[in-house]
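Q: Please find final15.csv (CSV, C-alpha atoms) on the next line:
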chain,number,residue,atom,x,y,z
S,1,MET,CA,56.6,179.3,248.9
S,2,THR,CA,58.1,182.8,248.3
S,3,THR,CA,57.6,183.8,244.8
S,4,ARG,CA,58.3,187.1,243.2
S,5,ILE,CA,58.1,188.6,239.8
S,6,VAL,CA,61.2,190.1,238.1
S,7,GLU,CA,60.4,192.7,235.5
S,8,LEU,CA,62.6,192.4,232.5
S,9,ARG,CA,61.0,194.2,229.5
S,10,ARG,CA,63.7,193.1,227.2
S,11,GLY,CA,63.5,192.5,223.5
S,12,ILE,CA,64.1,188.8,222.7
S,13,LEU,CA,66.1,189.7,219.6
S,14,LYS,CA,68.0,192.5,221.4
S,15,LYS,CA,71.4,191.1,220.5
S,16,ASN,CA,70.4,191.1,216.8
S,17,ASP,CA,68.9,194.5,217.0
S,18,GLU,CA,72.0,196.0,218.7
S,19,LEU,CA,74.2,194.4,216.0
S,20,ALA,CA,71.9,195.7,213.3
S,21,ARG,CA,72.1,199.2,214.8
S,22,GLY,CA,75.9,199.0,214.6
S,23,LEU,CA,75.7,197.8,211.0
S,24,ARG,CA,73.3,200.6,210.1
S,25,ALA,CA,75.8,203.2,211.5
S,26,ARG,CA,78.6,201.5,209.5
S,27,TYR,CA,76.6,201.6,206.3
S,28,ALA,CA,75.9,205.2,206.8
S,29,ALA,CA,79.5,206.0,207.5
S,30,GLY,CA,80.6,204.1,204.4
S,31,GLY,CA,77.9,205.9,202.3
S,32,VAL,CA,76.5,202.7,201.0
S,33,LEU,CA,72.7,202.0,200.5
S,34,VAL,CA,71.9,198.5,201.7
S,35,LEU,CA,68.9,196.6,200.5
S,36,ASN,CA,67.6,193.4,202.0
S,37,LEU,CA,65.7,191.3,199.3
S,38,VAL,CA,63.1,188.9,200.7
S,39,SER,CA,60.8,186.5,199.0
S,40,SER,CA,59.6,182.9,198.8
S,41,PRO,CA,62.0,180.4,197.1
S,42,GLY,CA,61.6,180.5,193.4
S,43,THR,CA,60.3,184.1,193.1
S,44,GLY,CA,63.3,185.0,191.0
S,45,LYS,CA,65.4,187.1,193.5
S,46,THR,CA,68.6,185.9,191.9
S,47,ALA,CA,67.6,186.7,188.3
S,48,PHE,CA,66.3,190.1,189.4
S,49,LEU,CA,69.5,190.8,191.3
S,50,GLU,CA,71.7,189.5,188.5
S,51,ARG,CA,70.1,192.0,186.1
S,52,THR,CA,70.3,194.8,188.8
S,53,LEU,CA,74.0,194.2,189.5
S,54,LYS,CA,74.9,194.1,185.8
S,55,GLU,CA,73.0,197.2,184.8
S,56,LEU,CA,74.1,199.2,187.8
S,57,ARG,CA,77.7,198.3,187.1
S,58,SER,CA,77.4,199.3,183.5
S,59,ARG,CA,76.2,202.7,184.7
S,60,GLY,CA,79.3,203.1,186.8
S,61,SER,CA,77.8,202.3,190.2
S,62,ARG,CA,79.9,200.3,192.7
S,63,VAL,CA,77.9,197.3,193.8
S,64,ALA,CA,78.3,194.1,195.8
S,65,ALA,CA,76.0,191.4,197.0
S,66,LEU,CA,75.8,189.0,200.0
S,67,VAL,CA,73.7,185.9,199.2
S,68,GLY,CA,72.0,183.8,201.8
S,69,ASP,CA,71.1,180.1,201.2
S,70,LEU,CA,70.8,177.1,203.3
S,71,GLU,CA,73.3,175.2,201.2
S,72,THR,CA,75.3,175.6,197.9
S,73,ASP,CA,77.0,178.6,196.4
S,74,ASN,CA,75.1,178.3,193.1
S,75,ASP,CA,73.6,181.7,193.5
S,76,ALA,CA,76.8,183.4,194.4
S,77,ARG,CA,78.6,181.9,191.3
S,78,ARG,CA,75.7,182.9,189.1
S,79,LEU,CA,75.7,186.5,190.4
S,80,ALA,CA,79.5,186.8,190.2
S,81,SER,CA,79.1,186.6,186.4
S,82,SER,CA,77.9,190.2,186.7
S,83,GLY,CA,81.5,191.1,187.6
S,84,ALA,CA,80.4,192.5,191.0
S,85,PRO,CA,81.9,191.1,194.2
S,86,VAL,CA,79.6,188.5,195.6
S,87,ARG,CA,79.8,186.4,198.7
S,88,GLN,CA,77.7,183.4,199.7
S,89,ILE,CA,76.4,183.0,203.2
S,90,ASN,CA,75.4,179.4,203.9
S,91,THR,CA,73.1,179.3,206.9
S,92,HIS,CA,73.2,175.4,207.1
S,93,GLY,CA,69.5,175.0,207.8
S,94,ILE,CA,68.8,178.4,209.5
S,95,CYS,CA,65.8,179.9,207.8
S,96,HIS,CA,66.9,183.5,207.7
S,97,LEU,CA,70.0,185.8,207.7
S,98,ASP,CA,70.7,187.6,210.9
S,99,ALA,CA,72.8,190.6,211.7
S,100,GLU,CA,75.7,188.5,213.1
S,101,MET,CA,76.0,186.6,209.9
S,102,ILE,CA,76.2,189.9,207.9
S,103,ASP,CA,78.7,191.4,210.3
S,104,LYS,CA,80.9,188.3,210.1
S,105,HIS,CA,80.9,188.1,206.4
S,106,LEU,CA,81.5,191.8,205.9
S,107,GLU,CA,84.4,191.7,208.3
S,108,SER,CA,86.2,188.9,206.5
S,109,TRP,CA,85.4,190.0,202.9
S,110,ASP,CA,88.7,190.5,201.3
S,111,GLY,CA,88.9,193.4,198.9
S,112,VAL,CA,85.5,194.8,199.8
S,113,GLU,CA,85.1,197.9,201.9
S,114,LEU,CA,81.8,199.5,202.6
S,115,GLY,CA,83.3,202.9,201.9
S,116,GLY,CA,84.0,201.7,198.3
S,117,LEU,CA,80.5,200.8,197.5
S,118,ASP,CA,77.4,202.6,196.4
S,119,TYR,CA,75.0,199.7,196.9
S,120,LEU,CA,75.1,196.5,198.8
S,121,PHE,CA,72.4,194.0,198.1
S,122,ILE,CA,71.6,191.2,200.6
S,123,GLU,CA,69.6,188.3,199.1
S,124,ASN,CA,67.9,186.7,202.0
S,125,VAL,CA,67.1,183.0,202.3
S,126,GLY,CA,64.0,182.2,200.4
S,127,ASN,CA,61.4,182.4,203.1
S,128,LEU,CA,58.5,184.9,203.6
S,129,VAL,CA,58.2,184.4,207.4
S,130,CYS,CA,61.3,184.3,209.5
S,131,PRO,CA,63.5,187.0,207.7
S,132,SER,CA,60.9,189.7,208.7
S,133,SER,CA,62.0,189.4,212.4
S,134,TYR,CA,65.6,190.0,211.8
S,135,ASP,CA,66.9,193.5,211.1
S,136,LEU,CA,70.1,193.5,209.1
S,137,GLY,CA,70.6,197.2,209.4
S,138,GLU,CA,69.3,197.6,205.8
S,139,GLY,CA,68.2,201.0,204.5
S,140,ILE,CA,65.5,199.4,202.3
S,141,ARG,CA,63.7,196.1,202.7
S,142,VAL,CA,62.3,194.8,199.5
S,143,ALA,CA,59.6,192.2,199.3
S,144,LEU,CA,59.4,190.3,196.0
S,145,LEU,CA,56.6,188.2,194.6
S,146,SER,CA,56.3,186.6,191.2
S,147,VAL,CA,53.3,186.4,188.9
S,148,THR,CA,53.2,182.7,189.4
S,149,GLU,CA,52.7,182.8,193.1
S,150,GLY,CA,49.1,184.0,193.4
S,151,GLU,CA,47.8,187.6,194.0
S,152,ASP,CA,46.9,186.9,197.6
S,153,LYS,CA,50.5,186.3,198.7
S,154,PRO,CA,50.7,189.7,200.5
S,155,LEU,CA,47.5,188.7,202.4
S,156,LYS,CA,49.0,185.3,203.4
S,157,TYR,CA,52.3,186.9,204.6
S,158,PRO,CA,51.2,190.3,206.0
S,159,THR,CA,54.1,190.5,208.5
S,160,LEU,CA,56.7,190.5,205.8
S,161,PHE,CA,54.9,192.7,203.3
S,162,ASN,CA,53.9,195.2,206.1
S,163,SER,CA,57.5,195.6,207.1
S,164,ALA,CA,58.8,196.2,203.5
S,165,ASP,CA,59.8,199.6,202.1
S,166,ALA,CA,59.3,198.5,198.4
S,167,ALA,CA,57.6,195.7,196.6
S,168,VAL,CA,58.8,194.1,193.4
S,169,ILE,CA,56.6,191.9,191.2
S,170,THR,CA,58.9,189.6,189.1
S,171,LYS,CA,58.4,187.6,185.9
S,172,MET,CA,55.9,190.1,184.4
S,173,ASP,CA,56.8,188.7,181.0
S,174,ILE,CA,54.8,185.6,181.7
S,175,ALA,CA,51.9,187.4,183.5
S,176,GLU,CA,49.4,186.8,180.8
S,177,PRO,CA,49.8,183.1,180.3
S,178,CYS,CA,49.7,182.7,184.1
S,179,GLY,CA,46.4,184.5,184.3
S,180,PHE,CA,48.0,187.0,186.7
S,181,ASP,CA,45.4,189.5,187.9
S,182,ARG,CA,47.5,192.6,188.2
S,183,THR,CA,44.9,194.9,189.6
S,184,LEU,CA,44.1,192.5,192.4
S,185,ALA,CA,47.8,191.9,193.2
S,186,LEU,CA,48.4,195.7,193.5
S,187,LYS,CA,45.3,196.1,195.6
S,188,ASN,CA,46.4,193.3,198.0
S,189,ILE,CA,49.9,194.8,198.4
S,190,ASN,CA,48.3,198.2,199.1
S,191,GLU,CA,45.9,196.7,201.7
S,192,ILE,CA,48.9,195.4,203.6
S,193,ARG,CA,51.3,198.2,203.1
S,194,PRO,CA,49.4,201.3,202.0
S,195,GLY,CA,51.3,203.6,199.7
S,196,ILE,CA,54.3,201.3,199.2
S,197,ARG,CA,56.3,201.7,195.9
S,198,ILE,CA,55.7,198.8,193.6
S,199,PHE,CA,57.8,197.8,190.7
S,200,GLU,CA,56.4,195.5,188.0
S,201,THR,CA,59.5,193.9,186.5
S,202,SER,CA,60.9,191.2,184.2
S,203,ALA,CA,64.5,190.3,184.6
S,204,LYS,CA,64.2,188.7,181.2
S,205,THR,CA,62.9,191.5,179.1
S,206,GLY,CA,64.1,194.4,181.4
S,207,ALA,CA,60.6,195.7,181.8
S,208,GLY,CA,60.1,197.9,184.8
S,209,MET,CA,63.9,198.0,185.6
S,210,GLU,CA,64.3,201.7,184.7
S,211,GLU,CA,61.8,202.7,187.4
S,212,TRP,CA,63.6,200.5,189.8
S,213,PHE,CA,67.0,202.1,189.0
S,214,GLY,CA,65.4,205.5,189.3
S,215,TYR,CA,64.1,204.6,192.8
S,216,LEU,CA,67.5,203.3,193.9
S,217,ASP,CA,69.2,206.5,192.7
S,218,GLU,CA,66.6,208.6,194.5
S,219,ALA,CA,66.8,206.4,197.7
S,220,ARG,CA,70.6,206.8,197.8
S,221,LYS,CA,70.2,210.6,197.7
S,222,THR,CA,67.4,210.9,200.2
S,223,LYS,CA,68.9,208.4,202.6
S,224,GLY,CA,72.1,210.4,202.5
S,225,ALA,CA,74.1,207.4,201.4
T,226,MET,CA,60.5,178.0,211.9
T,227,HIS,CA,62.8,180.3,213.9
T,228,GLU,CA,60.8,179.7,217.1
T,229,LEU,CA,63.3,177.4,218.6
T,230,SER,CA,66.1,180.0,218.3
T,231,ILE,CA,63.7,182.6,219.8
T,232,VAL,CA,62.9,180.3,222.7
T,233,ALA,CA,66.6,179.5,223.2
T,234,SER,CA,67.3,183.2,223.4
T,235,VAL,CA,64.5,183.6,226.0
T,236,VAL,CA,66.0,180.8,228.1
T,237,ASP,CA,69.5,182.4,227.9
T,238,THR,CA,68.3,185.8,228.8
T,239,VAL,CA,66.2,184.7,231.7
T,240,THR,CA,69.1,182.4,233.0
T,241,GLU,CA,71.5,185.3,232.8
T,242,SER,CA,69.1,187.7,234.5
T,243,LEU,CA,68.4,185.2,237.3
T,244,GLU,CA,72.2,184.7,237.9
T,245,ALA,CA,72.7,188.5,237.9
T,246,LEU,CA,70.0,189.0,240.5
T,247,PRO,CA,72.0,190.1,243.6
T,248,ASP,CA,69.5,188.8,246.1
T,249,ALA,CA,68.3,185.6,244.5
T,250,SER,CA,69.0,182.4,246.4
T,251,LYS,CA,71.2,179.8,244.8
T,252,GLY,CA,69.2,177.3,242.8
T,253,ALA,CA,66.1,179.5,242.7
T,254,ARG,CA,63.6,178.1,240.2
T,255,VAL,CA,61.8,180.0,237.5
T,256,LEU,CA,58.0,179.3,237.7
T,257,GLN,CA,56.8,181.3,234.8
T,258,VAL,CA,58.0,183.5,232.0
T,259,ARG,CA,55.8,186.1,230.4
T,260,LEU,CA,56.3,187.2,226.9
T,261,ARG,CA,54.7,190.0,224.8
T,262,VAL,CA,54.4,189.0,221.2
T,263,GLY,CA,52.9,191.3,218.6
T,264,VAL,CA,50.6,190.0,215.9
T,265,LEU,CA,53.1,191.1,213.3
T,266,ALA,CA,56.1,189.6,215.1
T,267,SER,CA,56.2,186.6,212.7
T,268,VAL,CA,56.1,184.2,215.6
T,269,VAL,CA,53.7,181.2,216.0
T,270,VAL,CA,52.8,181.0,219.7
T,271,GLU,CA,52.0,177.3,219.5
T,272,SER,CA,55.5,176.7,218.1
T,273,LEU,CA,57.0,178.7,221.0
T,274,GLU,CA,55.1,176.5,223.5
T,275,PHE,CA,56.0,173.4,221.6
T,276,CYS,CA,59.7,174.2,221.9
T,277,TRP,CA,59.5,175.4,225.5
T,278,GLY,CA,59.8,172.0,227.2
T,279,ILE,CA,62.9,171.0,225.2
T,280,ALA,CA,64.7,174.3,225.5
T,281,THR,CA,64.2,174.6,229.2
T,282,GLU,CA,65.3,171.1,230.1
T,283,GLY,CA,68.2,171.0,232.5
T,284,THR,CA,68.0,174.8,233.2
T,285,SER,CA,66.5,176.8,236.1
T,286,LEU,CA,63.5,177.2,233.9
T,287,GLU,CA,62.7,173.5,233.7
T,288,GLY,CA,59.1,172.9,234.4
T,289,SER,CA,58.2,176.5,234.1
T,290,LYS,CA,55.2,177.9,232.4
T,291,LEU,CA,55.4,180.1,229.3
T,292,VAL,CA,52.7,182.7,229.2
T,293,VAL,CA,52.3,184.7,226.0
T,294,LYS,CA,50.4,187.9,225.8
T,295,THR,CA,49.4,188.7,222.2
T,296,ILE,CA,49.7,192.4,221.3
T,297,PRO,CA,47.3,193.6,218.7
T,298,VAL,CA,48.3,196.0,215.9
T,299,VAL,CA,47.7,199.6,216.7
T,300,MET,CA,48.1,202.2,213.9
T,301,HIS,CA,48.0,205.9,214.0
T,302,CYS,CA,45.3,207.2,211.6
T,303,ALA,CA,46.3,210.6,210.3
T,304,VAL,CA,42.7,211.4,209.2
T,305,CYS,CA,41.1,210.7,212.6
T,306,ASP,CA,44.3,211.8,214.4
T,307,ALA,CA,43.9,208.8,216.7
T,308,ASP,CA,45.6,205.5,217.5
T,309,VAL,CA,43.3,202.8,216.3
T,310,LYS,CA,43.4,199.0,216.9
T,311,LEU,CA,43.1,196.7,214.0
T,312,GLU,CA,41.1,193.6,214.4
T,313,GLY,CA,43.0,191.6,211.8
T,314,VAL,CA,46.1,191.8,209.6
T,315,GLN,CA,44.4,191.5,206.2
T,316,SER,CA,43.8,195.2,205.7
T,317,PHE,CA,45.7,198.1,207.1
T,318,ARG,CA,42.9,200.6,207.1
T,319,CYS,CA,41.5,202.7,209.9
T,320,PRO,CA,38.5,200.8,211.3
T,321,ARG,CA,36.8,204.2,211.9
T,322,CYS,CA,37.2,206.0,208.6
T,323,ASP,CA,38.4,203.2,206.3
T,324,GLU,CA,41.4,205.2,205.1
T,325,PRO,CA,44.7,203.3,204.5
T,326,CYS,CA,47.2,203.6,207.4
T,327,SER,CA,50.9,203.0,207.3
T,328,ASP,CA,51.9,204.5,210.6
T,329,LEU,CA,52.4,201.4,212.8
T,330,ARG,CA,52.5,202.1,216.6
T,331,GLN,CA,52.2,198.6,218.0
T,332,GLY,CA,52.2,195.0,216.9
T,333,ARG,CA,55.8,194.0,216.2
T,334,GLU,CA,56.7,193.4,219.9
T,335,LEU,CA,58.8,190.4,220.7
T,336,GLU,CA,59.9,190.8,224.3
T,337,ILE,CA,60.3,189.2,227.7
T,338,GLU,CA,58.0,191.1,230.0
T,339,SER,CA,58.9,189.4,233.3
T,340,PHE,CA,59.6,186.1,235.0
T,341,GLU,CA,58.5,184.7,238.3
T,342,ILE,CA,60.8,182.9,240.6
T,343,ASP,CA,60.5,180.8,243.7
T,344,ASP,CA,63.4,181.6,246.0
T,345,GLU,CA,62.5,179.1,248.7
T,346,ALA,CA,62.4,176.2,246.3
T,347,GLY,CA,66.1,176.9,245.7
T,348,LEU,CA,66.9,177.1,249.4
T,349,GLU,CA,65.0,174.0,250.3
T,350,LYS,CA,66.5,172.1,247.5
T,351,ALA,CA,70.0,173.1,248.4
T,352,GLY,CA,69.3,172.2,252.0
T,353,ASN,CA,67.8,168.8,251.1
T,354,GLU,CA,70.8,168.0,249.0
T,355,GLU,CA,73.1,168.7,251.8
T,356,ILE,CA,71.5,166.2,254.1
T,357,GLY,CA,70.9,163.7,251.3
T,358,VAL,CA,67.2,163.9,251.2
T,359,SER,CA,65.8,163.3,247.8
T,360,GLY,CA,62.4,164.3,246.4
Please render this file's structure as structure tokens.

A:
Amino acid sequence: MTTRIVELRRGILKKNDELARGLRARYAAGGVLVLNLVSSPGTGKTAFLERTLKELRSRGSRVAALVGDLETDNDARRLASSGAPVRQINTHGICHLDAEMIDKHLESWDGVELGGLDYLFIENVGNLVCPSSYDLGEGIRVALLSVTEGEDKPLKYPTLFNSADAAVITKMDIAEPCGFDRTLALKNINEIRPGIRIFETSAKTGAGMEEWFGYLDEARKTKGA
Amino acid sequence: MHELSIVASVVDTVTESLEALPDASKGARVLQVRLRVGVLASVVVESLEFCWGIATEGTSLEGSKLVVKTIPVVMHCAVCDADVKLEGVQSFRCPRCDEPCSDLRQGRELEIESFEIDDEAGLEKAGNEEIGVSG
């Protein structure tokens, strides 16, 4: 038997990573800051995004959103009420969005040009595991968790929280009845991603949203978008 | 559960590389594929192994072994000015000085390191088929 070893040293997600690099260059050329929102199902990504889109629009920012779900266009319809262009991506069972899906949906998005946007939000499929492997070319990856999920979520899903650029705690308006231990949650996020910016928000009351908008504005400037 | 698509991508890449090898004999079989998977790669090794048999069926990789090398997390600690290995992923602090670290140097790898082929198996098999010998 003649055996031999062929060295390959190739990234398994090379195709995705190459596409993501291309997307990142296109976002930069269009001057748009792209954010990838990742959380478990039920954290409140859509409510948070709805408020974000509405308020950014009222401040004169040009915003759009791509929304990933396994099935249904419920979230897209809900977000479209903000007046911003919103496009649903149905993954039909796939547990994450990948760069190819983003590329395809951007290409065929009538009336939306990257150059005409300030912010593009990508709401990923509700999942705290798989989306962390797939680069979408985003400028900022946001990990969200709600006060109802337990303060140890970052410890349970370190791969996602460690790869995030910002963390958003949602549903702060019900923190107290839920017995949410804020200090512990902040400590756990910081253990996994030391120094990360954390926003404590409520899409219902608007709490914490000003800091979030300040961060977005700053990020757009520093990232040269 | 994106392990099946990851495994499918490994099978495709190895198949393409095998076909592109200028000096590989026709019908050469893959015996083993070696992966490097970081602790922070969001991949469950058992799931990769579970999918391997199904994904390789009917390809040159059928019957091959999947060997996964787990890559630990290495951070650069600015205080110690050194690369330090983390024992777990529950706390991103320097194990030497206990300061928080965010400068990740290793641990997100998800790559095919190499694969091992048996050229002769291909030649023998091709030869046997020509003269109608089975097994």

Q: Any idea which chain S residues end up within 8 Å of chain T if we count only C-alpha atoms, as a compact mmCIF listing (two decimals) with C-alpha atoms, keeping the file's coordinate frame please?

A:
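Written output follows (out29.txt):
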# COMPACT_ATOMS: atom_id res chain seq x y z
CA MET S 1 56.60 179.30 248.90
CA THR S 2 58.10 182.80 248.30
CA THR S 3 57.60 183.80 244.80
CA ARG S 4 58.30 187.10 243.20
CA ILE S 5 58.10 188.60 239.80
CA VAL S 6 61.20 190.10 238.10
CA GLU S 7 60.40 192.70 235.50
CA LEU S 8 62.60 192.40 232.50
CA ARG S 9 61.00 194.20 229.50
CA ARG S 10 63.70 193.10 227.20
CA GLY S 11 63.50 192.50 223.50
CA ILE S 12 64.10 188.80 222.70
CA LEU S 13 66.10 189.70 219.60
CA ILE S 94 68.80 178.40 209.50
CA CYS S 95 65.80 179.90 207.80
CA VAL S 129 58.20 184.40 207.40
CA CYS S 130 61.30 184.30 209.50
CA SER S 132 60.90 189.70 208.70
CA SER S 133 62.00 189.40 212.40
CA LEU S 155 47.50 188.70 202.40
CA PRO S 158 51.20 190.30 206.00
CA THR S 159 54.10 190.50 208.50
CA LEU S 160 56.70 190.50 205.80
CA GLU S 191 45.90 196.70 201.70
CA ILE S 192 48.90 195.40 203.60
CA ARG S 193 51.30 198.20 203.10
CA PRO S 194 49.40 201.30 202.00
CA GLY S 195 51.30 203.60 199.70

Q: Give as number ranges by chain every residue, naming chains and numbers as the document does, that has an atom within 10 Å of (56.3, 182.6, 187.2), counting only C-alpha atoms.

A: S: 42-44, 145-150, 170-175, 177-178, 180

Q: List as an MDAnalysis selection string the protein and nucleic acid residues near Glu107 in chain S, meaning an atom at most 12 Å away when all atoms listed in the file are counted, but skip any in the same chain fewer than 6 places from it.

A: chainID S and resid 23 26 87 100:101 113:114

Q: Report the distance between CA of Asp118 in chain S and CA of Phe199 in chain S in Å, rounded to one decimal place.

A: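 Interatomic distance here is 21.0 Å.
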
Q: For CA of Ser39 in chain S and CA of Leu144 in chain S, quote the distance in Å rounded to one decimal.

A: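 Atom-to-atom, CA of Ser39 in chain S and CA of Leu144 in chain S are spaced 5.0 Å apart.
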